[in-house]
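Q: Got a structure here, written out as structure tokens. Questions coming.
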Amino acid sequence: MSAGAGVDVLGVEGLTCSFGGVIAVSRVSFSVPRGELFGLIGPNGAGKTTLFNLVTGLTAPTAGRLRYRGRDITGLPPHRIAALGIARTFQNVRLFGELSALQNVMIARHVRTKSGVVGGVIGLPSARAEERDTRRRALALLELVGLADRPDERARNFAYGDQRRLEIARALALEPELLLLDEPAAGMNSGEKRGLSELIRGIRARLDLTILLIEHHVPLVMDLCDRIAVLNFGELIALGVPAAVQKHPAVIEAYLGDEA
Amino acid sequence: MPAFLAAYDFLLVSMVLAAVLALSLYLPLMAGQLSLASPGFYALGGYIAAIISTKVFPPAAGLYPVPLVLLEMAVAAVASGVLGVIVGVPALRLRGIFLALATIAFVEILRVISLNLDVTGGAIGIFGVPQPFASQIHYMSLAIPLLVLCMLFAARLERSRTGRALVALREDELAADAMGVNPTRYKVLAFTVGAMIAGVVGALSAHFINTWNSRQGTFDTGVSLMAFVLIGGSRTFVGPVVGGLVLTALPEALRGIADVGGLPGWLAQFLRDGRLIIFGVMIALGTVFFPHGLITPALLERLGRGRRHRVEAA
Amino acid sequence: MSRRLASPVTIVSLIAVLCGALVGHAADPIPIGVSVAQTGPVALAGQEQVLGAQIAEEYFNKRGGVNGRPFKLIFQDAGSDEATAINAYQNQINVAKVVAIIGPSLSQQMFAAGPFAVRAKLPVLGISTTAKGIPQVGEFVSRVSAPVAIVAPNAIKAAMDINKNIKRVVVLYAQNDAFSKSETETFQQAVKDLHLELVTVQTFQTTDTDFTAQVTNTLNAKPDLVIISGLQVDGANLVKQLRELAYKGLIVGGNGLNTTNIIPICKALCDGILVAQAYSPEYKSKINDDFKGIYKDRQKKDPPQFSAQAFTGVQVFVEALGALDKKSPIAKMDLAALRVELNKQLIAGTYDTPLGEISFKASPGGEIVQKQSYVAQIKMDPGGTSGKWVYVK
Amino acid sequence: MSAGATPAPLLALDDLSIHYGRVQALEHVSLDVRAGEVVTLIGANGAGKSTTLRSISRIVPIHRGRIAFDGRDISGVRPSDAVRMGIAQVPEGRRMLARQSVLDNLLLGAYTRSDSAGIQADVERQFVRFPRLAERRRQLAGTLSGGEQQMLAIARALMSRPRLLLLDEPSLGLAPLIVRGIFDIIRELHAAGVTILLVEQNASLALQIADRAYVLEAGRLTISGHAAELLTDERVRRAYLG
Amino acid sequence: MSSSLLLQQVLNGLAIGSVYAIFALGYTLIFSILRIINFTHGAIFTLGAYATYALTGARFGFNGLLANAALPLHLPFVLALIGGALFAAVSGVIVERLAFRPLRTRGSDPLLTLVSSLGVAVALVNVIQYLFGAEAYSYPADPFGQLPSAMNFGTSTEPVLVRTVQVIIFGVSMVVLALLTVLMNATRTGKALRAVAEDTVTASLLGINTDRLILLTFVISGFLGGVSGTLIGLSVGIAGPYFGIAFGLKGLAVIVLGGLGDIPGAVVGGLLIGLAESFVPAQYIAYREAVPFALLFVVLLLRPQGLLGRAVVQKV
């Protein structure tokens, strides 16, 4: 987990986004070095998901810059950003519900494969080989997230927790360098959550990933993350190692309520 | 079956052509795009064939050479493809019903243009389109390969990288985009291939129905095609094919039932004169009782259980 | 029935039905097919044609049919589109095994279906197909509907007789209708030939109901004469709106306006339209009086042109069959030979019909030669609910 | 809030199971709310809290179990009838009718009632309770701030004079000061005798205000008890209070 | 261009446009509530026109099952119009029950509803033809007998004439628009309808019986369809079973132009298309038919929410 040549994987500079007068993300700046597991917490509606949408190009920022491995990616369309190596999961699980688990994962191999209409339809040797490879890799990923036993099951038939893991497998199929996980533990029971922590640790180590994680389940975040950023009302109110963030008065105020 | 063929040769070929045409609408729908533009390209293809065969290579005695028909089909494919890209790039930014409406507008505009051009013959259209075959049933020699080719194409496409990209767009465009699928590119691709298929069917149809005019390939055609696809089933290429075959045959089948002896007079009369009432009601009922269409992937899976696994395991 | 079985069963039953349709007919009366538009937007014309044909069926069968042998009409709806017309033709030719077919209603449908008759070698008769090129479809395609070439100039001349100062002419036509498009070309040529000034040509659609823009453009051109080629409802609405918006000059209507169906639309404002007619109820002859009598009996109004033409279509086939039968008994002929011989006889004959005396050209085979052509002027009753076509020339 | 001898709870869910497609959202959930109580349902996002409320309001179909309100089985009634019977919900995300005015939103809250004088009086009562809304009565609801929208959502629900108020995540996306205001109002309602079932992500806030609580985890109830006890329960603290 | 010609063209445009507008009002109402295009609207419109015709005691024509039949009553025109509109409203209810509700309760794809409504439209048109034949009808007597057939908005030397019936249609569409606006904005039911349109779930949570209000929408839409069918029938005659269907396609252009589901938008869209059509220069009249659709295409590309419509923000 070396910091490499000092180029951060992700650089967020003064990022701002507003919808019809409501500021969802306000002048947020931080950077994520290579290999870090970076947590993003904050109350519902704090702008965490919007931040993910900005990073993955689904939403265009009103102001500010985004850099990925030093390259300016502000304003690029989502598929271009995905092709550069940024993959994500969604808060509300956006699997391709009618398709099988395997197909879901295979789709995400899109940017790592290249056979065209003609090659695919005629079945050129190169396309066939690529197809076999895609299938093999997809099965391996299903194995990794523990869903290898049901590759042909339709995605919408999976239990909530399994759907979340399938979404992670799909995101990994992109061979990303930066993985964005939006509340991966939502809807999971305690056992599943523990499994998820293991999974996230495992894939980071095995696949040499940088991970950005939004999570509500505080213990999970505290336990997993190297550093944590806290958002409230679109603003970054704290950033640091878990122990420091946990004690930050603004965080207690904003996130944990007026318990004090 | 010679008597059957003689009576229903035209209908049988129409059914096959309708099935192909339904596929032209199905392709963009594979990517989640309801486009009713197919009739426009169908009309264009028909005009291309009619003009080439009556004006460029004016008919000589005897049968019109089949290679020229193939040439016309190729020209129609290219022309429809080019027009498809030109129309598709701006139009496919629209979603859902708005795309459908824009393509309806496109078809109407083409219709008015064809009414006004000299080369298309206005309302009279172009007639005396020469025949490449001595009998209508021989059109099958082009229609069946065309259908098979298009079905093979659709079948292979569904299992290829491109097909997966299209289906991903249908299921969730945003997620597909975030997974690296370029929505515009694949939507335009599906739209354009659909346009080319429609153009080719149009070219063949101009010969097949002997004439071509502005009444071919209108909004009504689009409506029928939509019924073919949605009643047949829009989740697998088999659906539109079955929908095209069955719904094209249905009104004529009702006519046929009326001709079967033994029915009370009023019923036979109703089947003949009221067959469009029955047709309309059956379409409405079809949507209620077969909400996923007659043919669904699940049905196909049940029918062909096991076989697929063996193939995929290979 | 389980959902799983439902669709295969549907398909199988459809096929069964199609096969069942082949149970043959071996009826004694001579079958003559009538395939006109009984459904779709053209059904307005088609249902008038059905009426005319039915009157003819009764009328001629009462008079002994074909030399004592009855004939019967087989109706198969040709719809309003090309494919349905072809399907109807195929059914008539191969299932009903008719000796000849009357219809379809639209020229475009004939362009599509006609070649099937040519290939099957049986005579077909267009009764409302007036576009140019119909007889050229092929050897077995004829028509009793005149392509207005003669009638049109006559109507304009009749207008010029009524108003000697006619100079400026506006022509309007329904651009999406083949008949109107063919007719307007004749009218426009006639206007030029008569050295009148064609100030503007305006188009509309048969589906249009509002013509105020065309009327404004027409009135702006300050015409002395307006010529309209359209169908019944659109043509009548155009007349109505022209008159309501104070057009005072003469109106010549094409053959499409030659029907009492325009009266419910333009009512009193129909008054004075000069109509180029392929059929006139005023034409005096035994057969027309008979036809008109029966029709009036049933419908309480003068027969429209479409009914007369359909009647004529049946009459022509019946008389040709009769003439052929006298030369060589048709009962002994097989169907294929009968069809071919009937076509030859059809072209050779001359017929005294409600349309007047008609015969057919040898080249292009099957084009009608109609002795009479009519120009009439509509005279409305004071109440504006009924009117008469008064013969002009 | 002594239950005393009151036999039947106002609301009782009995072995409720709900699934979306083949995905199980709730499994064998049984809970009850007695008249006058504030009961809270806490749990992580996706645990099935909103689904529970939506099932009580009858906008999601039930696959197993039953819902009894005031002793009557309401499993088969329409959503509108549930409101008529006295169940009002303040939905998650507030769901303003953004294109209608504040006043119209309130009046629509009283849609099931026909006593126009009473409705008018209740409107004024809400304006007294929420002076901010009174100032903005002609404004379109979509133009209100988040806190104002939450106030309007609560006021709107109260307009039907509910016997049971379902509150879904009232603190969602609101500033702490405003959340405090909202919870003060909930306390007031409680004091006024309104029965409340509260779904809240902010567990400590919810537990402080409630009489009793249930913890929902992945569609199943795992812990239940008096709110004060749960507030100090180690499992709850670890899982939800950080 | 002279000022009287300009005025004439503007008035022509408004006259044509008001016909489109009145047709489109019932059409867009259903869209505003259900977000689907109801292709049966044209057929219901036709049914209304026929029902009014029958209620005036007029006789049907020579074809169809009911050839030469007539009702044994002679209602005055205004009563017949209301009766015809009520008949159309009832038809709307039946259509909703048969073609829309079964699909809605199953949560079917909206496209399927589109196809279902097309099927019902085909069936209805052919039922009309089966019963009454294909001929054109017009109402027996002008209901505004003493009025001149056209009104002059110009001078006696430079007349600018508009057909009286079109002035009436324009007036009625304005009145209908006003009534609908009042209904939607100032009544309890209207507010509930708007609530259903905006968010069905929230509406249910407020105690609104959404099924009943959707039915009501079909009643109103059918009633409006019936009124407009009769009025346009008065203007141009009832042109057979396809009478209303002919307006359907242009009606689509109208309601999209104004913003799908936007009630004032339908009127604005109708009038705009009418104006655009009437300003087509005389020598290009042959392309007039393409004008609404060209306009539709351009508007869709530039402003898909329609001229008056609001953009819908998609939530990720």
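We label chains A, B, ... in the order they appear in the structure tokens, count residues from 1 in each chain, and number ligands from 1 in the order shown.
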Please report as a Markdown table every residue of chain B lying within 8 Å of chain C, along with the nearest atom pair and their distance in Å (one decimal), using only C-alpha atoms.
A:
```
| residue | atom | partner | partner_atom | distance |
| --- | --- | --- | --- | --- |
| B:Ala3 | CA | C:Asn94 | CA | 7.3 |
| B:Phe4 | CA | C:Leu22 | CA | 6.6 |
| B:Ala6 | CA | C:Asn94 | CA | 6.3 |
| B:Ala7 | CA | C:Asn94 | CA | 4.9 |
| B:Tyr8 | CA | C:Gln90 | CA | 6.9 |
| B:Phe10 | CA | C:Asn87 | CA | 6.8 |
| B:Leu11 | CA | C:Asn87 | CA | 6.6 |
| B:Leu115 | CA | C:Asn176 | CA | 6.5 |
| B:Asn116 | CA | C:Gln175 | CA | 7.9 |
| B:Gly122 | CA | C:Asn176 | CA | 7.2 |
| B:Ala123 | CA | C:Ala178 | CA | 4.7 |
| B:Ile124 | CA | C:Ala178 | CA | 4.4 |
| B:Gly125 | CA | C:Gln108 | CA | 7.7 |
| B:Phe127 | CA | C:Phe111 | CA | 5.9 |
| B:Gly128 | CA | C:Val137 | CA | 6.4 |
| B:Ile209 | CA | C:Ala112 | CA | 5.1 |
| B:Asn210 | CA | C:Ala112 | CA | 5.0 |
| B:Thr211 | CA | C:Ala112 | CA | 5.5 |
| B:Asn213 | CA | C:Gln108 | CA | 7.6 |
| B:Ser214 | CA | C:Asn176 | CA | 7.6 |
| B:Arg215 | CA | C:Asp81 | CA | 7.9 |
| B:Val246 | CA | C:Ile11 | CA | 7.0 |
| B:Ala249 | CA | C:Leu14 | CA | 7.9 |
| B:Leu250 | CA | C:Leu14 | CA | 7.5 |
| B:Glu252 | CA | C:Asn87 | CA | 7.5 |
| B:Ala253 | CA | C:Leu18 | CA | 5.8 |
| B:Gly256 | CA | C:Ala21 | CA | 4.8 |
| B:Ile257 | CA | C:Val17 | CA | 6.0 |
| B:Asp259 | CA | C:Ala21 | CA | 5.8 |
| B:Val260 | CA | C:Ala21 | CA | 5.4 |
| B:Gly261 | CA | C:Val23 | CA | 7.9 |
| B:Arg272 | CA | C:Asp77 | CA | 7.6 |
| B:Asp273 | CA | C:Gln38 | CA | 7.3 |
| B:Leu294 | CA | C:Ser7 | CA | 5.8 |
| B:Ile295 | CA | C:Ser7 | CA | 7.5 |
| B:Leu299 | CA | C:Arg4 | CA | 6.9 |
```
Q: What does the file look like for those residues with N, CA, C and O atoms, as a compact mmCIF listing (two decimals), in the first residue's frame?
A:
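Generated file (selection_30.txt):
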```txt
# COMPACT_ATOMS: atom_id res chain seq x y z
N ALA B 3 -53.25 -26.25 -52.50
CA ALA B 3 -54.39 -25.34 -52.49
C ALA B 3 -54.22 -24.30 -51.38
O ALA B 3 -54.48 -23.11 -51.58
N PHE B 4 -53.76 -24.78 -50.26
CA PHE B 4 -53.52 -23.87 -49.13
C PHE B 4 -52.50 -22.81 -49.53
O PHE B 4 -52.70 -21.62 -49.31
N ALA B 6 -51.72 -21.80 -52.49
CA ALA B 6 -52.24 -20.89 -53.51
C ALA B 6 -53.09 -19.81 -52.87
O ALA B 6 -53.01 -18.64 -53.23
N ALA B 7 -53.90 -20.23 -51.90
CA ALA B 7 -54.81 -19.26 -51.29
C ALA B 7 -54.09 -18.32 -50.35
O ALA B 7 -54.44 -17.16 -50.23
N TYR B 8 -53.08 -18.85 -49.68
CA TYR B 8 -52.48 -18.06 -48.62
C TYR B 8 -51.01 -17.73 -48.84
O TYR B 8 -50.32 -17.36 -47.92
N PHE B 10 -49.71 -15.20 -50.34
CA PHE B 10 -49.43 -13.80 -50.02
C PHE B 10 -49.41 -13.59 -48.51
O PHE B 10 -48.52 -12.95 -47.97
N LEU B 11 -50.41 -14.17 -47.86
CA LEU B 11 -50.50 -13.99 -46.41
C LEU B 11 -49.27 -14.55 -45.71
O LEU B 11 -48.71 -13.93 -44.81
N LEU B 115 -45.47 12.54 -50.57
CA LEU B 115 -46.67 12.98 -51.29
C LEU B 115 -46.33 14.10 -52.26
O LEU B 115 -47.07 14.34 -53.21
N ASN B 116 -45.24 14.80 -52.00
CA ASN B 116 -44.97 15.99 -52.78
C ASN B 116 -43.87 15.85 -53.83
O ASN B 116 -43.75 16.69 -54.69
N GLY B 122 -46.33 10.96 -55.76
CA GLY B 122 -47.42 11.51 -54.94
C GLY B 122 -48.33 10.42 -54.42
O GLY B 122 -47.89 9.34 -54.06
N ALA B 123 -49.63 10.74 -54.40
CA ALA B 123 -50.59 9.81 -53.82
C ALA B 123 -50.72 8.54 -54.66
O ALA B 123 -51.01 7.47 -54.13
N ILE B 124 -50.52 8.67 -55.95
CA ILE B 124 -50.65 7.48 -56.81
C ILE B 124 -49.50 6.53 -56.56
O ILE B 124 -49.65 5.32 -56.59
N GLY B 125 -48.37 7.10 -56.30
CA GLY B 125 -47.21 6.28 -56.01
C GLY B 125 -46.59 5.71 -57.28
O GLY B 125 -46.76 6.25 -58.37
N PHE B 127 -46.30 2.35 -59.62
CA PHE B 127 -46.94 1.06 -59.81
C PHE B 127 -46.24 0.29 -60.91
O PHE B 127 -45.36 0.80 -61.58
N GLY B 128 -46.66 -0.94 -61.06
CA GLY B 128 -46.00 -1.80 -62.03
C GLY B 128 -44.59 -2.14 -61.61
O GLY B 128 -43.69 -2.26 -62.43
N ILE B 209 -45.75 -6.32 -53.13
CA ILE B 209 -47.13 -5.85 -53.31
C ILE B 209 -47.29 -5.09 -54.62
O ILE B 209 -48.30 -4.42 -54.82
N ASN B 210 -46.33 -5.17 -55.50
CA ASN B 210 -46.43 -4.65 -56.87
C ASN B 210 -46.41 -3.14 -57.01
O ASN B 210 -46.30 -2.63 -58.10
N THR B 211 -46.61 -2.44 -55.93
CA THR B 211 -46.73 -0.99 -56.02
C THR B 211 -46.23 -0.38 -54.73
O THR B 211 -46.10 -1.06 -53.72
N ASN B 213 -46.55 3.44 -52.40
CA ASN B 213 -47.09 4.79 -52.34
C ASN B 213 -47.02 5.30 -50.91
O ASN B 213 -46.54 4.61 -50.01
N SER B 214 -47.52 6.51 -50.74
CA SER B 214 -47.34 7.18 -49.46
C SER B 214 -48.17 6.55 -48.35
O SER B 214 -48.05 6.92 -47.19
N ARG B 215 -49.03 5.60 -48.72
CA ARG B 215 -49.82 4.95 -47.69
C ARG B 215 -49.06 3.81 -47.03
O ARG B 215 -49.52 3.23 -46.05
N VAL B 246 -48.42 -14.06 -35.89
CA VAL B 246 -49.78 -14.33 -35.42
C VAL B 246 -50.72 -13.16 -35.72
O VAL B 246 -51.80 -13.34 -36.26
N ALA B 249 -51.67 -12.77 -39.27
CA ALA B 249 -52.59 -13.81 -39.73
C ALA B 249 -53.99 -13.64 -39.14
O ALA B 249 -54.97 -14.04 -39.75
N LEU B 250 -54.04 -13.01 -37.96
CA LEU B 250 -55.30 -13.02 -37.21
C LEU B 250 -56.52 -12.51 -37.98
O LEU B 250 -57.53 -13.22 -38.07
N GLU B 252 -57.05 -12.30 -41.10
CA GLU B 252 -57.35 -13.20 -42.22
C GLU B 252 -57.87 -14.53 -41.69
O GLU B 252 -58.68 -15.19 -42.34
N ALA B 253 -57.36 -14.93 -40.52
CA ALA B 253 -57.85 -16.17 -39.93
C ALA B 253 -59.33 -16.03 -39.58
O ALA B 253 -60.12 -16.95 -39.79
N GLY B 256 -61.17 -16.49 -42.47
CA GLY B 256 -61.19 -17.92 -42.78
C GLY B 256 -62.23 -18.66 -41.95
O GLY B 256 -62.97 -19.48 -42.48
N ILE B 257 -62.29 -18.35 -40.66
CA ILE B 257 -63.28 -19.02 -39.81
C ILE B 257 -64.68 -18.77 -40.35
O ILE B 257 -65.52 -19.67 -40.38
N ASP B 259 -65.56 -18.45 -43.28
CA ASP B 259 -65.80 -19.24 -44.49
C ASP B 259 -66.03 -20.72 -44.18
O ASP B 259 -66.52 -21.45 -45.03
N VAL B 260 -65.62 -21.13 -42.99
CA VAL B 260 -65.86 -22.53 -42.63
C VAL B 260 -67.36 -22.73 -42.53
O VAL B 260 -68.05 -21.94 -41.90
N GLY B 261 -67.85 -23.76 -43.15
CA GLY B 261 -69.29 -23.98 -43.15
C GLY B 261 -69.80 -24.29 -41.76
O GLY B 261 -69.05 -24.55 -40.83
N ARG B 272 -66.77 -11.84 -40.44
CA ARG B 272 -66.26 -11.15 -41.61
C ARG B 272 -66.23 -9.64 -41.41
O ARG B 272 -65.18 -9.01 -41.51
N ASP B 273 -67.39 -9.08 -41.09
CA ASP B 273 -67.48 -7.61 -41.03
C ASP B 273 -66.94 -7.05 -39.73
O ASP B 273 -66.49 -5.92 -39.67
N LEU B 294 -46.75 -13.05 -25.49
CA LEU B 294 -46.99 -14.49 -25.62
C LEU B 294 -45.73 -15.27 -25.31
O LEU B 294 -45.76 -16.32 -24.67
N ILE B 295 -44.60 -14.76 -25.78
CA ILE B 295 -43.35 -15.48 -25.61
C ILE B 295 -42.47 -14.72 -24.63
O ILE B 295 -42.15 -13.55 -24.85
N LEU B 299 -40.60 -18.67 -20.58
CA LEU B 299 -41.27 -19.71 -21.35
C LEU B 299 -40.25 -20.47 -22.20
O LEU B 299 -40.24 -21.70 -22.24
```
Q: Should the cut-off be 12 Å, what would the residue list for chain D against chain E look like, counting only C-alpha atoms, as a ChimeraX atom specification?
A: /D:53-61,77-101,103-114,116,142,153-162,165-166
Q: Skipping near chain neighbours, those fewer than 3 positions away, what residues fall within 10 Å of Thr216 in chain C using only C-alpha atoms, listed as number ranges by chain?
A: C: 211-213, 219-222, 242, 245, 247; E: 5, 8-9, 12, 160-161, 278, 282
Q: Write to file, as a PDB file, in the first residue's frame, the residues of the selection just made, with N, CA and C atoms.
A:
```pdb
ATOM      1  N   PHE C 211     -60.398  24.086 -43.717  1.00  0.00           N
ATOM      2  CA  PHE C 211     -59.774  24.539 -44.963  1.00  0.00           C
ATOM      3  C   PHE C 211     -59.629  26.048 -44.999  1.00  0.00           C
ATOM      4  N   THR C 212     -59.701  26.680 -43.838  1.00  0.00           N
ATOM      5  CA  THR C 212     -59.705  28.143 -43.858  1.00  0.00           C
ATOM      6  C   THR C 212     -58.434  28.707 -44.491  1.00  0.00           C
ATOM      7  N   ALA C 213     -57.303  28.033 -44.280  1.00  0.00           N
ATOM      8  CA  ALA C 213     -56.063  28.555 -44.879  1.00  0.00           C
ATOM      9  C   ALA C 213     -56.155  28.487 -46.394  1.00  0.00           C
ATOM     10  N   LEU C 219     -59.223  32.949 -51.864  1.00  0.00           N
ATOM     11  CA  LEU C 219     -59.888  34.240 -52.006  1.00  0.00           C
ATOM     12  C   LEU C 219     -58.881  35.335 -52.349  1.00  0.00           C
ATOM     13  N   ASN C 220     -57.697  35.225 -51.808  1.00  0.00           N
ATOM     14  CA  ASN C 220     -56.647  36.187 -52.123  1.00  0.00           C
ATOM     15  C   ASN C 220     -56.316  36.213 -53.592  1.00  0.00           C
ATOM     16  N   ALA C 221     -56.472  35.068 -54.235  1.00  0.00           N
ATOM     17  CA  ALA C 221     -56.127  34.984 -55.653  1.00  0.00           C
ATOM     18  C   ALA C 221     -57.249  35.540 -56.525  1.00  0.00           C
ATOM     19  N   LYS C 222     -58.343  35.928 -55.886  1.00  0.00           N
ATOM     20  CA  LYS C 222     -59.489  36.502 -56.582  1.00  0.00           C
ATOM     21  C   LYS C 222     -59.899  35.714 -57.820  1.00  0.00           C
ATOM     22  N   LEU C 242     -65.730  27.554 -48.270  1.00  0.00           N
ATOM     23  CA  LEU C 242     -65.570  28.590 -49.309  1.00  0.00           C
ATOM     24  C   LEU C 242     -66.783  29.505 -49.326  1.00  0.00           C
ATOM     25  N   LEU C 245     -67.246  31.689 -46.207  1.00  0.00           N
ATOM     26  CA  LEU C 245     -66.295  32.785 -46.142  1.00  0.00           C
ATOM     27  C   LEU C 245     -66.411  33.644 -47.392  1.00  0.00           C
ATOM     28  N   TYR C 247     -67.085  33.252 -50.732  1.00  0.00           N
ATOM     29  CA  TYR C 247     -66.725  33.069 -52.130  1.00  0.00           C
ATOM     30  C   TYR C 247     -68.014  33.022 -52.925  1.00  0.00           C
TER      31      TYR C 247
ATOM     32  N   LEU E   5     -55.062  40.882 -44.315  1.00  0.00           N
ATOM     33  CA  LEU E   5     -54.666  39.489 -44.575  1.00  0.00           C
ATOM     34  C   LEU E   5     -53.996  38.910 -43.336  1.00  0.00           C
ATOM     35  N   GLN E   8     -56.577  38.138 -40.968  1.00  0.00           N
ATOM     36  CA  GLN E   8     -57.301  36.950 -41.421  1.00  0.00           C
ATOM     37  C   GLN E   8     -56.531  35.682 -41.056  1.00  0.00           C
ATOM     38  N   GLN E   9     -55.212  35.729 -41.308  1.00  0.00           N
ATOM     39  CA  GLN E   9     -54.428  34.524 -41.042  1.00  0.00           C
ATOM     40  C   GLN E   9     -54.335  34.228 -39.557  1.00  0.00           C
ATOM     41  N   ASN E  12     -57.665  32.785 -38.702  1.00  0.00           N
ATOM     42  CA  ASN E  12     -57.724  31.410 -39.220  1.00  0.00           C
ATOM     43  C   ASN E  12     -56.970  30.469 -38.297  1.00  0.00           C
ATOM     44  N   VAL E 160     -62.822  40.528 -43.111  1.00  0.00           N
ATOM     45  CA  VAL E 160     -62.025  39.454 -42.515  1.00  0.00           C
ATOM     46  C   VAL E 160     -63.032  38.505 -41.886  1.00  0.00           C
ATOM     47  N   LEU E 161     -63.329  37.428 -42.603  1.00  0.00           N
ATOM     48  CA  LEU E 161     -64.432  36.580 -42.203  1.00  0.00           C
ATOM     49  C   LEU E 161     -63.960  35.357 -41.431  1.00  0.00           C
ATOM     50  N   SER E 278     -51.590  28.133 -40.451  1.00  0.00           N
ATOM     51  CA  SER E 278     -52.246  29.147 -41.256  1.00  0.00           C
ATOM     52  C   SER E 278     -51.236  30.120 -41.868  1.00  0.00           C
ATOM     53  N   ALA E 282     -48.884  30.395 -49.348  1.00  0.00           N
ATOM     54  CA  ALA E 282     -49.782  29.702 -50.277  1.00  0.00           C
ATOM     55  C   ALA E 282     -49.035  28.734 -51.186  1.00  0.00           C
TER      56      ALA E 282
END
```
Q: For Ala206 in chain D, find every residue with an atom within 9 Å (counting only C-alpha atoms), except residues of its own chain fewer than 5 positions away, and show them as a PyMOL selection string.
A: chain D and resi 39-42+183+198-201+213+227
Q: Return as a PyMOL selection string the residues belonging to chain E that are within 8 Å of chain C, counting only C-alpha atoms.
A: chain E and resi 8-9+12+16+62-63+126+129+133-138+149-150+161-163+236-237+239-242+246+277-278+282-283+285-286+289
Q: Please identify all residues of chain D having at least one atom at most 8 Å from any atom of chain A, considering only C-alpha atoms, and return them as a list in words.
A: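 Applying the cut-off to the listed atoms yields Gly21, Arg22, Val23, Gln24, Ala44, Asn45, Gly46, Ala47, Gly48, Leu172, Gly173, Leu174, Ala175, Pro176, Asn202, Ser204, Leu205, Glu217, Ala218, Gly219, Arg238, Ala239, Tyr240, Leu241 and Gly242 of chain D.
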